[in-house]
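Visitor: The structure's right below; bear with me while I get my questions together.
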Amino acid sequence: MPDLRFEFTLYCKKDDKGRLKTRNENTMNPLITDFQTPQQRTPVIVALDFANEKDTLGFVRNLDPALCQIKIGKELFTATGRNLAESLINQGFKLFLDLKYHDIPHTVAQACKVAADMGVWMVDMHASGGRRMMEAAAEAVAGYQTKPLLIGVTVLTSMEQSDLAEIGLNIAPEEQVIRLAKLAQSSGLDGVVCSAQEAAPLRRELGQDFVLVTPGIRLDVAGNNDDQRRIMTPAEALAAGSTYLVMGRPVTQAADPVAVLREVNRVANA
Ligand code: C5P
């Protein structure tokens with residue numbers, strides 16, 4: 001039995017956003033009899049902020065890897081470890097392992113290699129760990145055929161100017177974000193996590209290919225924002241230059257999570 005997905009990929013080329021595009025009707029792969037529309041872009045990374053495996057799997061059962069990427073953070077990973085992460089990857093989901101590494105270069109590089117071995121799609125580290133740490137991480141995964149996207153955390157959105165001053169940084173948060181994002185880029189990382197409000201200046205400074213991952217997304221900015229302060233709608237964040245939208249509660253606590261994902265994907269592909 002031929003691998004139809006592989007055959008299909010061979011028969012397609014990618015457009016400027018990396019999406020598969022058919023060459024033309026006449027040269028369509030004859031193995032594909034049930035051809036549907038070319039794959040749509042899904043910018044959403046659903047934050048699986050659940051406390052245990054049972055709740056996570058109960059929620060994920062309704063999702064489809066074509067609708068979203070998923071993210072596991074420190075709470076769920078500490079509770080469930082590698083097994084749940086691998087089982088979700090085996091279900092076909094692209095997994096963002098959001099463990100925000102920050103350690104000596106060797107330790108972070110080894111952790112990134114383990115993530116790559118697991119088949120993780122995206123992994124992050126604090127850019128304030130410095131150039132040698134980020135370069136070691138980039139070098140550690142460079143040889144993988146499918147290497148994870150390496151993402152730098154700049155300034156936590158929970159920190160404001162007074163917090164930076166207390167750790168000896170007399171600089172505006174946005175200035176520090178741009179400084180660390182430039183350092184991350186020149187150290188070989190693929191992108192950064194930032195607030196959607198910082199996406200436009202970062203896109204200008206760092207170019208079109210640098211990945212911007214933005215949390216703090218709300219469907220209705222006038223509605224319930226939970227504990228997020230600097231929020232944007234999906235359309236606003238994408239227009240500002242976000243590549244991926246991290247969405248937790250607006251999806252996980254929605255009456256119909258799949259309908260929310262379909263709507264965001266519709267906006268992203270409009
Ligand atoms: O529920 P909500 O959409 O606010 O979830 C946002 C997710 O993004 C959470 O998993 C949170 O930990 C994460 N995050 C964030 N702000 C950052 C980095 C990550 O909200 N600066």
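Letters for chains follow the order of the structure tokens (A, B, ...), residue numbers begin at 1 for each chain, and ligand numbers begin at 1 in the order shown.
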Please, which residues have at least one atom within 8 Å of an atom of ligand 1, using only C-alpha atoms and all ligand atoms, listed as a PDB file with C-alpha atoms, in the first residue's frame?

Guide:
ATOM      1  CA  ALA A  47      -2.914  25.230  25.890  1.00  0.00           C
ATOM      2  CA  LEU A  48      -3.831  21.979  27.635  1.00  0.00           C
ATOM      3  CA  ASP A  49      -3.840  23.503  31.100  1.00  0.00           C
ATOM      4  CA  LYS A  71       0.735  22.749  24.195  1.00  0.00           C
ATOM      5  CA  ILE A  72       1.748  20.990  27.398  1.00  0.00           C
ATOM      6  CA  GLY A  73       3.177  23.162  30.169  1.00  0.00           C
ATOM      7  CA  VAL A 153      10.911  33.301  26.026  1.00  0.00           C
ATOM      8  CA  VAL A 155      10.136  38.879  29.178  1.00  0.00           C
ATOM      9  CA  LEU A 156       7.325  37.084  30.998  1.00  0.00           C
ATOM     10  CA  THR A 157       4.090  38.982  30.470  1.00  0.00           C
ATOM     11  CA  SER A 158       3.568  38.851  34.235  1.00  0.00           C
ATOM     12  CA  VAL A 193       7.016  33.885  22.681  1.00  0.00           C
ATOM     13  CA  CYS A 194       5.752  37.428  23.061  1.00  0.00           C
ATOM     14  CA  SER A 195       2.594  39.348  23.787  1.00  0.00           C
ATOM     15  CA  THR A 214       1.493  34.920  21.181  1.00  0.00           C
ATOM     16  CA  PRO A 215      -0.656  34.060  24.217  1.00  0.00           C
ATOM     17  CA  GLY A 216      -3.258  36.429  25.696  1.00  0.00           C
ATOM     18  CA  ILE A 217      -5.792  35.836  22.918  1.00  0.00           C
ATOM     19  CA  ARG A 218      -9.470  36.472  23.585  1.00  0.00           C
ATOM     20  CA  ASN A 225     -10.333  38.295  30.162  1.00  0.00           C
ATOM     21  CA  ASP A 226      -9.620  35.947  33.086  1.00  0.00           C
ATOM     22  CA  ASP A 227      -6.184  36.944  34.417  1.00  0.00           C
ATOM     23  CA  GLN A 228      -4.811  38.173  31.085  1.00  0.00           C
ATOM     24  CA  VAL A 246      -1.728  30.238  22.133  1.00  0.00           C
ATOM     25  CA  MET A 247      -5.298  29.809  23.356  1.00  0.00           C
ATOM     26  CA  GLY A 248      -6.228  28.133  26.612  1.00  0.00           C
ATOM     27  CA  ARG A 249      -9.500  28.929  28.328  1.00  0.00           C
ATOM     28  CA  PRO A 250     -11.257  30.497  25.303  1.00  0.00           C
ATOM     29  CA  VAL A 251     -11.065  27.020  23.756  1.00  0.00           C
ATOM     30  CA  THR A 252     -10.909  24.587  26.684  1.00  0.00           C
TER      31      THR A 252
END

Visitor: Report as a ChimeraX atom specification all protein, DNA and RNA residues lying within 9 Å of region 180-192 of chain A, evaluated on only C-alpha atoms, omitting residues in the same chain fewer than 3 positions from it.

Guide: /A:124,127-128,130-139,149-155,175-177,202,205-206,209-214

Visitor: Just checking: using only C-alpha atoms, which residue out of A:Gly241, A:Pro234, A:Glu160, A:Ile171 ends up closest to Glu198 (chain A)?

Guide: A:Gly241

Visitor: So, with only C-alpha atoms as the atoms that count, which of A:Arg82, A:Lys94, A:His102, A:Arg230 lies closest to Pro65 (chain A)?

Guide: A:Lys94
